[in-house]
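Peer 1: Enclosed is the structure file final-v9.txt (compact mmCIF, C-alpha atoms).
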# COMPACT_ATOMS: atom_id res chain seq x y z
CA MET U 1 26.22 -33.69 -5.04
CA GLY U 2 23.19 -35.55 -6.36
CA ARG U 3 21.40 -35.48 -3.01
CA ILE U 4 22.25 -31.83 -2.40
CA GLY U 5 21.13 -30.94 -5.91
CA LEU U 6 17.83 -32.73 -5.34
CA ILE U 7 17.27 -30.83 -2.11
CA VAL U 8 18.08 -27.55 -3.82
CA LEU U 9 15.70 -28.42 -6.67
CA VAL U 10 12.92 -29.22 -4.20
CA ILE U 11 13.49 -25.91 -2.41
CA ILE U 12 13.48 -24.01 -5.70
CA LEU U 13 10.26 -25.74 -6.79
CA GLY U 14 8.65 -25.07 -3.41
CA VAL U 15 9.57 -21.41 -3.55
CA GLY U 16 8.38 -21.23 -7.15
CA PHE U 17 4.99 -22.77 -6.34
CA SER U 18 4.52 -20.62 -3.27
CA SER U 19 5.31 -17.57 -5.38
CA VAL U 20 2.47 -18.34 -7.77
CA MET U 21 -0.92 -16.79 -7.07
CA VAL U 22 -3.87 -18.16 -9.03
CA VAL U 23 -7.00 -15.99 -9.22
CA ASN U 24 -9.98 -17.98 -10.51
CA GLU U 25 -12.70 -16.73 -12.81
CA GLY U 26 -15.26 -14.74 -10.81
CA GLU U 27 -12.66 -13.70 -8.21
CA ARG U 28 -10.43 -10.78 -7.47
CA ALA U 29 -7.43 -10.70 -5.17
CA ILE U 30 -5.85 -8.05 -2.95
CA VAL U 31 -2.32 -8.55 -1.60
CA SER U 32 -0.97 -7.07 1.61
CA ARG U 33 2.74 -6.91 2.38
CA PHE U 34 3.89 -6.30 5.94
CA GLY U 35 0.33 -5.25 6.76
CA GLU U 36 0.21 -2.70 3.95
CA ILE U 37 -1.97 -3.19 0.86
CA LEU U 38 -0.04 -3.21 -2.40
CA LYS U 39 -0.87 -0.10 -4.39
CA ASP U 40 -0.12 1.23 -7.83
CA ASN U 41 0.73 4.81 -8.63
CA VAL U 42 -1.88 6.05 -11.10
CA GLU U 43 -1.44 9.66 -12.22
CA GLY U 44 0.34 10.45 -9.01
CA GLN U 45 -2.36 8.87 -6.82
CA PRO U 46 -1.89 5.57 -4.92
CA VAL U 47 -4.54 3.03 -5.98
CA THR U 48 -4.99 -0.41 -4.46
CA ARG U 49 -3.74 -3.11 -6.78
CA VAL U 50 -6.62 -5.51 -7.55
CA PHE U 51 -5.51 -8.71 -9.25
CA ALA U 52 -7.81 -9.92 -12.01
CA PRO U 53 -8.40 -13.61 -12.84
CA GLY U 54 -5.19 -15.27 -14.04
CA LEU U 55 -1.71 -16.26 -12.88
CA HIS U 56 0.23 -13.78 -10.75
CA PHE U 57 3.33 -13.79 -8.58
CA LYS U 58 3.90 -12.84 -4.97
CA ILE U 59 6.66 -12.96 -2.40
CA PRO U 60 6.36 -16.21 -0.39
CA ALA U 61 5.78 -15.95 3.37
CA ILE U 62 5.58 -12.16 3.12
CA ASP U 63 2.64 -11.37 0.90
CA LYS U 64 -0.83 -12.30 2.17
CA VAL U 65 -3.58 -12.78 -0.40
CA LYS U 66 -7.27 -12.06 0.17
CA TYR U 67 -9.56 -13.52 -2.47
CA LEU U 68 -12.84 -11.68 -3.05
CA ASP U 69 -15.90 -13.04 -4.85
CA ALA U 70 -16.80 -10.78 -7.77
CA ARG U 71 -20.02 -12.58 -8.65
CA ILE U 72 -23.55 -11.57 -7.69
CA GLN U 73 -24.35 -12.84 -4.21
CA THR U 74 -27.62 -13.31 -2.34
CA LEU U 75 -28.29 -12.01 1.16
CA ASP U 76 -31.32 -13.86 2.55
CA GLY U 77 -31.61 -13.07 6.23
CA ALA U 78 -34.27 -13.73 8.81
CA ALA U 79 -37.64 -11.95 8.74
CA ASP U 80 -37.71 -8.62 10.56
CA ARG U 81 -40.49 -6.60 12.17
CA PHE U 82 -41.67 -3.38 10.48
CA VAL U 83 -44.35 -0.84 11.43
CA THR U 84 -46.80 0.63 8.93
CA SER U 85 -48.15 4.18 8.88
CA GLU U 86 -51.19 2.97 10.85
CA LYS U 87 -48.91 1.60 13.61
CA LYS U 88 -49.50 -2.03 12.64
CA ASP U 89 -46.68 -4.56 13.01
CA LEU U 90 -45.67 -6.75 10.07
CA MET U 91 -43.12 -9.54 9.77
CA VAL U 92 -41.31 -8.99 6.46
CA ASP U 93 -39.06 -11.58 4.82
CA SER U 94 -36.86 -10.13 2.10
CA TYR U 95 -33.67 -10.86 0.18
CA VAL U 96 -30.98 -8.76 -1.53
CA LYS U 97 -28.85 -9.41 -4.60
CA TRP U 98 -25.49 -7.63 -4.39
CA ARG U 99 -21.93 -7.65 -5.70
CA ILE U 100 -18.67 -5.87 -5.00
CA SER U 101 -18.22 -2.80 -7.16
CA ASP U 102 -15.17 -1.20 -5.47
CA PHE U 103 -12.83 -3.90 -4.15
CA GLU U 104 -10.54 -1.45 -2.37
CA LYS U 105 -13.39 0.26 -0.54
CA PHE U 106 -15.00 -3.09 0.24
CA TYR U 107 -11.74 -4.45 1.65
CA LEU U 108 -11.16 -1.42 3.87
CA SER U 109 -14.76 -0.95 5.07
CA THR U 110 -15.34 -4.57 6.01
CA GLY U 111 -12.17 -5.21 8.01
CA GLY U 112 -10.14 -6.97 5.34
CA GLY U 113 -12.89 -8.19 3.02
CA ASN U 114 -14.98 -10.02 5.64
CA VAL U 115 -18.16 -11.09 3.84
CA ALA U 116 -20.09 -11.69 7.11
CA THR U 117 -19.32 -8.14 8.23
CA ALA U 118 -20.33 -6.79 4.82
CA GLU U 119 -23.66 -8.64 4.86
CA SER U 120 -24.38 -7.52 8.42
CA LEU U 121 -23.80 -3.86 7.48
CA LEU U 122 -25.75 -4.26 4.24
CA GLN U 123 -28.67 -5.95 6.04
CA ARG U 124 -28.83 -3.07 8.47
CA LYS U 125 -28.96 -0.53 5.64
CA ILE U 126 -31.60 -2.51 3.71
CA ASN U 127 -33.79 -2.87 6.80
CA ASN U 128 -33.56 0.85 7.48
CA ASP U 129 -34.62 1.61 3.90
CA LEU U 130 -37.47 -0.91 4.04
CA ARG U 131 -38.57 0.39 7.42
CA THR U 132 -38.83 3.87 5.92
CA GLU U 133 -40.88 2.61 2.96
CA PHE U 134 -43.22 0.52 5.13
CA GLY U 135 -43.66 3.44 7.53
CA ARG U 136 -45.10 5.53 4.70
CA ARG U 137 -47.84 3.06 3.76
CA THR U 138 -50.81 1.22 5.25
CA ILE U 139 -51.24 -2.53 5.19
CA LYS U 140 -53.87 -2.23 2.45
CA GLU U 141 -51.54 -0.17 0.26
CA ILE U 142 -48.67 -2.61 0.78
CA VAL U 143 -50.72 -5.69 -0.01
CA SER U 144 -53.03 -4.32 -2.72
CA GLY U 145 -50.50 -3.03 -5.25
CA GLU U 146 -47.74 -0.76 -3.97
CA ARG U 147 -45.26 -3.54 -3.26
CA ASP U 148 -43.46 -3.01 -6.60
CA GLU U 149 -43.11 0.70 -5.93
CA LEU U 150 -41.90 -0.06 -2.41
CA GLN U 151 -39.22 -2.44 -3.75
CA ILE U 152 -38.07 0.02 -6.39
CA ASN U 153 -37.70 2.81 -3.82
CA ALA U 154 -35.91 0.46 -1.43
CA LEU U 155 -33.52 -0.58 -4.22
CA GLU U 156 -32.70 3.03 -5.09
CA ASN U 157 -32.11 3.96 -1.46
CA ALA U 158 -30.04 0.83 -0.81
CA SER U 159 -27.90 1.42 -3.90
CA GLU U 160 -27.12 4.91 -2.66
CA SER U 161 -26.53 4.01 0.98
CA SER U 162 -24.30 1.00 0.21
CA GLN U 163 -21.79 2.92 -1.88
CA ASP U 164 -19.61 3.56 1.16
CA LEU U 165 -19.18 -0.22 1.47
CA GLY U 166 -18.03 -0.60 -2.12
CA ILE U 167 -21.15 -2.66 -2.85
CA ASP U 168 -23.56 -2.43 -5.75
CA VAL U 169 -27.10 -3.54 -4.80
CA VAL U 170 -28.58 -5.31 -7.81
CA ASP U 171 -32.05 -6.12 -6.51
CA VAL U 172 -34.23 -5.92 -3.39
CA ARG U 173 -37.25 -8.19 -3.12
CA VAL U 174 -39.91 -8.72 -0.48
CA LYS U 175 -40.68 -12.45 -0.39
CA GLN U 176 -43.37 -12.65 2.24
CA ILE U 177 -45.38 -10.37 4.51
CA ASN U 178 -47.02 -11.83 7.60
CA LEU U 179 -48.60 -10.57 10.76
CA PRO U 180 -46.75 -11.32 14.02
CA ALA U 181 -47.67 -14.60 15.67
CA ASN U 182 -49.57 -13.00 18.56
CA VAL U 183 -51.53 -10.75 16.19
CA SER U 184 -52.30 -13.66 13.85
CA SER U 185 -53.51 -15.70 16.81
CA SER U 186 -55.87 -12.94 17.97
CA ILE U 187 -57.17 -12.45 14.42
CA PHE U 188 -57.78 -16.18 14.03
CA GLN U 189 -59.59 -16.24 17.37
CA ARG U 190 -61.76 -13.30 16.34
CA MET U 191 -62.52 -14.94 12.99
CA ARG U 192 -63.34 -18.18 14.78
CA ALA U 193 -65.65 -16.34 17.19
CA GLU U 194 -67.38 -14.59 14.27
CA ARG U 195 -67.84 -17.89 12.43
CA GLN U 196 -69.16 -19.52 15.59
CA ALA U 197 -71.62 -16.65 16.06
CA VAL U 198 -72.80 -17.04 12.46
CA ALA U 199 -73.09 -20.81 12.92
CA LYS U 200 -75.03 -20.29 16.15
CA GLU U 201 -77.39 -17.88 14.39
CA HIS U 202 -77.93 -20.36 11.55
CA ARG U 203 -78.60 -23.14 14.06
CA ALA U 204 -81.10 -20.92 15.90
CA GLN U 205 -82.85 -20.09 12.64
CA GLY U 206 -82.87 -23.76 11.68
CA LYS U 207 -84.31 -24.71 15.06
CA GLU U 208 -86.97 -22.01 14.71
CA GLN U 209 -87.92 -23.27 11.27
CA SER U 210 -87.92 -26.83 12.63
CA GLU U 211 -90.31 -25.85 15.43
CA ILE U 212 -92.57 -24.03 12.96
CA ILE U 213 -92.64 -27.03 10.62
CA ARG U 214 -93.22 -29.44 13.54
CA ALA U 215 -96.03 -27.28 14.94
CA THR U 216 -97.64 -27.01 11.50
CA ILE U 217 -97.42 -30.78 10.98
CA ASP U 218 -98.80 -31.45 14.48
CA ALA U 219 -101.68 -29.07 13.83
CA ASN U 220 -102.42 -30.74 10.50
CA VAL U 221 -102.25 -34.17 12.13
CA THR U 222 -104.60 -33.05 14.92
CA VAL U 223 -107.05 -31.62 12.42
CA LYS U 224 -106.92 -34.75 10.25
CA VAL U 225 -107.32 -37.06 13.29
CA ALA U 226 -110.28 -35.00 14.53
CA GLU U 227 -111.82 -35.09 11.07
CA ALA U 228 -111.28 -38.84 10.85
CA GLU U 229 -112.82 -39.36 14.29
CA ARG U 230 -115.78 -37.19 13.29
CA LYS U 231 -116.28 -39.21 10.14
CA ALA U 232 -115.87 -42.44 12.11
CA LEU U 233 -118.49 -41.34 14.64
CA THR U 234 -120.78 -40.32 11.81
CA VAL U 235 -120.36 -43.66 10.06
CA ARG U 236 -120.75 -45.55 13.37
CA GLY U 237 -123.89 -43.56 14.17
CA GLU U 238 -125.30 -44.25 10.74
CA GLY U 239 -124.41 -47.93 11.16
CA ASP U 240 -126.04 -48.06 14.60
CA ALA U 241 -129.13 -46.35 13.23
CA LEU U 242 -129.26 -48.80 10.34
CA SER U 243 -128.74 -51.72 12.71
CA ALA U 244 -131.51 -50.45 14.98
CA LYS U 245 -133.80 -50.06 11.99
CA ILE U 246 -133.04 -53.59 10.84
CA TYR U 247 -133.70 -54.93 14.32
CA ALA U 248 -136.94 -52.90 14.50
CA ASP U 249 -138.08 -54.14 11.09
CA ALA U 250 -137.28 -57.70 12.07
CA TYR U 251 -139.13 -57.31 15.36
CA ASN U 252 -142.17 -55.87 13.63
CA LYS U 253 -142.31 -58.78 11.18
CA ASP U 254 -142.30 -61.54 13.87
CA ALA U 255 -141.98 -60.29 17.42
CA GLU U 256 -142.27 -63.75 18.95
CA PHE U 257 -139.50 -65.27 16.85
CA TYR U 258 -137.31 -62.24 17.42
CA GLY U 259 -137.75 -62.57 21.21
CA PHE U 260 -136.95 -66.28 21.01
CA LEU U 261 -133.80 -65.68 18.98
CA ARG U 262 -132.57 -63.00 21.34
CA SER U 263 -133.15 -65.26 24.32
CA LEU U 264 -131.07 -68.02 22.71
CA GLU U 265 -128.25 -65.58 22.18
CA ALA U 266 -128.50 -64.56 25.83
CA TYR U 267 -128.40 -68.24 26.95
CA LYS U 268 -125.35 -68.87 24.79
CA ALA U 269 -123.50 -65.84 26.16
CA SER U 270 -124.47 -66.64 29.77
CA PHE U 271 -123.44 -70.29 29.74
CA ALA U 272 -120.29 -69.98 27.64
CA GLY U 273 -118.03 -70.55 30.66
CA ASN U 274 -117.92 -73.66 32.86
CA SER U 275 -117.58 -71.69 36.07
CA ASP U 276 -120.44 -69.28 35.45
CA VAL U 277 -122.83 -68.93 38.39
CA MET U 278 -126.18 -67.14 38.09
CA VAL U 279 -128.63 -66.52 40.91
CA LEU U 280 -132.11 -65.92 39.52
CA GLU U 281 -135.67 -66.56 40.64
CA PRO U 282 -137.20 -69.65 39.02
CA ASP U 283 -140.13 -67.74 37.70
CA SER U 284 -137.90 -65.12 36.07
CA ASP U 285 -138.63 -64.23 32.45
CA PHE U 286 -135.05 -65.23 31.64
CA PHE U 287 -136.06 -68.93 31.76
CA LYS U 288 -139.40 -68.63 30.02
CA TYR U 289 -138.25 -70.44 26.86
CA MET U 290 -136.77 -73.21 28.98
CA LYS U 291 -140.19 -73.86 30.50
CA SER U 292 -142.22 -73.66 27.35
CA ILE U 293 -141.46 -73.49 23.66
CA ASP U 294 -143.81 -70.60 23.21
CA GLY U 295 -142.44 -68.76 26.25
CA LYS U 296 -145.63 -68.94 28.24
Could you quickly redo this structure as structure tokens?
Peer 2:
Amino acid sequence: MGRIGLIVLVIILGVGFSSVMVVNEGERAIVSRFGEILKDNVEGQPVTRVFAPGLHFKIPAIDKVKYLDARIQTLDGAADRFVTSEKKDLMVDSYVKWRISDFEKFYLSTGGGNVATAESLLQRKINNDLRTEFGRRTIKEIVSGERDELQINALENASESSQDLGIDVVDVRVKQINLPANVSSSIFQRMRAERQAVAKEHRAQGKEQSEIIRATIDANVTVKVAEAERKALTVRGEGDALSAKIYADAYNKDAEFYGFLRSLEAYKASFAGNSDVMVLEPDSDFFKYMKSIDGK
């Protein structure tokens, strides 16, 4: 009896635990029995029974429980392409804050409370609303100050269009707006070409200024060199004239001594080298001071 009693106790405890349904804080639960959702009769109308947080009971192996998150959730999907009123493409990254407002409608419209299905349907509705708002505006209007108005209108439209899903849209935000990759690439290439053209123009202007400065400096140098050469020739001419005058004065004072001195200088210059050879007539005036001290 002890062993049988223990087995019976274990079975009773197992059935008791499997009969308990715990709904955590921030959750709601919907129970289906034989494929039919449990409903309550409220004023003669069947209403889906939604279990609030707490401890509840169910029939083991018969009742199936679907737990639904009642908290605010975030839908942050991939960026999508939108077209503005000027037929320009934009890549828009947005996110949505939402929560379940009607658990019965949410459960039925999403195939048994499937969150992935709900977010897919909600994303489609949000994108349609955003596409409408972007299609009414130009890029300048979107970027320069109408983003808040765009988000408010998108939130109002999304709140209205998501009611059939049993969802309450809390917030719609546009995180980032970019141009498509191919458009951005062409814009960057155009900007690069413009900058290169400006740089080329600046280089050309710099080269022109460089040539002007170089030509001016060369002209100044040429003028200064010519002026220096002129002054040098003037000074050399004055020096030669002074030298000639000195020689003339010296010659006039003692012509014989001057002739003798000049002859000695000529002898010294002529016989400075050991291999010098001179062919002259013996009676040439060149040797007159070698024949006689007075040159006669």
Peer 1: Would you work out the distance separating CA of Glu141 in chain U from CA of Arg173 in chain U, expressed in Å to one decimal?
Peer 2: 16.7 Å
Peer 1: Rank U:Val31, U:Met21, U:Gly113, U:Glu211 by their smallest atom-to-atom distance to Leu55 in chain U, using only C-alpha atoms, and report the top residue only.
Peer 2: U:Met21
Peer 1: Write out as a ChimeraX atom specification which residues come within 7 Å of range 157-167 of chain U when counting only C-alpha atoms, dropping same-chain ones fewer than 3 positions away.
Peer 2: /U:98-103,105-106,109,122,125-126,129,153-154
Peer 1: One decimal, Å: what's the distance from CA of Asp171 in chain U over to CA of Met91 in chain U, could you say?
Peer 2: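 Here the two named atoms are 20.0 Å from each other.
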Peer 1: Can you tell me how far CA of Val170 in chain U sits from CA of Phe134 in chain U, in Å to one decimal?
Peer 2: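 Distance reported for this atom pair: 20.4 Å.
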Peer 1: What are the nearest atom pairs, with distances in Å to one decimal, for all residues of range 9-95 of chain U that come at most 12 Å from range 143-151 of chain U, using all atoms listed in the file, set out by chain and rising residue number as JSON lines?
Peer 2:
{"residue": "U:Thr84", "atom": "CA", "partner": "U:Val143", "partner_atom": "CA", "distance": 11.6}
{"residue": "U:Leu90", "atom": "CA", "partner": "U:Val143", "partner_atom": "CA", "distance": 11.3}
{"residue": "U:Val92", "atom": "CA", "partner": "U:Arg147", "partner_atom": "CA", "distance": 11.8}
{"residue": "U:Ser94", "atom": "CA", "partner": "U:Gln151", "partner_atom": "CA", "distance": 9.9}
{"residue": "U:Tyr95", "atom": "CA", "partner": "U:Gln151", "partner_atom": "CA", "distance": 10.8}
Peer 1: Smallest atom-to-atom distance to Val22 in chain U: which of U:Ile4, U:Ile217, U:Lys58, U:Glu229, using all atoms listed in the file?
Peer 2: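 Once distances to Val22 in chain U are computed over all atoms listed in the file, the minimum belongs to U:Lys58.
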Peer 1: Of the candidates U:Lys207, U:Lys253, U:Arg230, U:Arg49, which shows the shortest atom-to-atom distance to Ala29 in chain U, using all atoms listed in the file?
Peer 2: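 Smallest distance to Ala29 in chain U is found for U:Arg49.
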Peer 1: Nearest to Gly111 in chain U among U:Thr222, U:Glu256, U:Lys66, U:Val50, with distances taken over all atoms listed in the file: which residue is it?
Peer 2: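 Smallest distance to Gly111 in chain U is found for U:Lys66.
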Peer 1: Return the single residue from U:Ser85, U:Asn41, U:Ser263, U:Gln73 that is closest to Arg131 in chain U, with distances computed using all atoms listed in the file.
Peer 2: U:Ser85
Peer 1: Would you pick out the contacts of range 78-82 of chain U at 10 Å or less, using only C-alpha atoms, so that residues sharing its chain but fewer than 3 positions from it are not included, and give the list as a PDB file with C-alpha atoms, in the coordinates of the input?
Peer 2:
ATOM      1  CA  LEU U  75     -28.290 -12.010   1.160  1.00  0.00           C
ATOM      2  CA  LYS U  87     -48.910   1.600  13.610  1.00  0.00           C
ATOM      3  CA  LYS U  88     -49.500  -2.030  12.640  1.00  0.00           C
ATOM      4  CA  ASP U  89     -46.680  -4.560  13.010  1.00  0.00           C
ATOM      5  CA  LEU U  90     -45.670  -6.750  10.070  1.00  0.00           C
ATOM      6  CA  MET U  91     -43.120  -9.540   9.770  1.00  0.00           C
ATOM      7  CA  VAL U  92     -41.310  -8.990   6.460  1.00  0.00           C
ATOM      8  CA  ASP U  93     -39.060 -11.580   4.820  1.00  0.00           C
ATOM      9  CA  SER U  94     -36.860 -10.130   2.100  1.00  0.00           C
ATOM     10  CA  TYR U  95     -33.670 -10.860   0.180  1.00  0.00           C
ATOM     11  CA  GLN U 123     -28.670  -5.950   6.040  1.00  0.00           C
ATOM     12  CA  ASN U 127     -33.790  -2.870   6.800  1.00  0.00           C
ATOM     13  CA  ASN U 128     -33.560   0.850   7.480  1.00  0.00           C
ATOM     14  CA  LEU U 130     -37.470  -0.910   4.040  1.00  0.00           C
ATOM     15  CA  ARG U 131     -38.570   0.390   7.420  1.00  0.00           C
ATOM     16  CA  THR U 132     -38.830   3.870   5.920  1.00  0.00           C
ATOM     17  CA  GLU U 133     -40.880   2.610   2.960  1.00  0.00           C
ATOM     18  CA  PHE U 134     -43.220   0.520   5.130  1.00  0.00           C
ATOM     19  CA  GLY U 135     -43.660   3.440   7.530  1.00  0.00           C
ATOM     20  CA  LYS U 175     -40.680 -12.450  -0.390  1.00  0.00           C
ATOM     21  CA  GLN U 176     -43.370 -12.650   2.240  1.00  0.00           C
ATOM     22  CA  ILE U 177     -45.380 -10.370   4.510  1.00  0.00           C
ATOM     23  CA  ASN U 178     -47.020 -11.830   7.600  1.00  0.00           C
ATOM     24  CA  LEU U 179     -48.600 -10.570  10.760  1.00  0.00           C
ATOM     25  CA  PRO U 180     -46.750 -11.320  14.020  1.00  0.00           C
TER      26      PRO U 180
END
Peer 1: Given all atoms listed in the file as the basis, pick out the residue of U:Val83, U:Ile72, U:Ala204, U:Leu108 nearest to Ser32 in chain U.
Peer 2: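 Under the stated criterion, the closest residue is U:Leu108.
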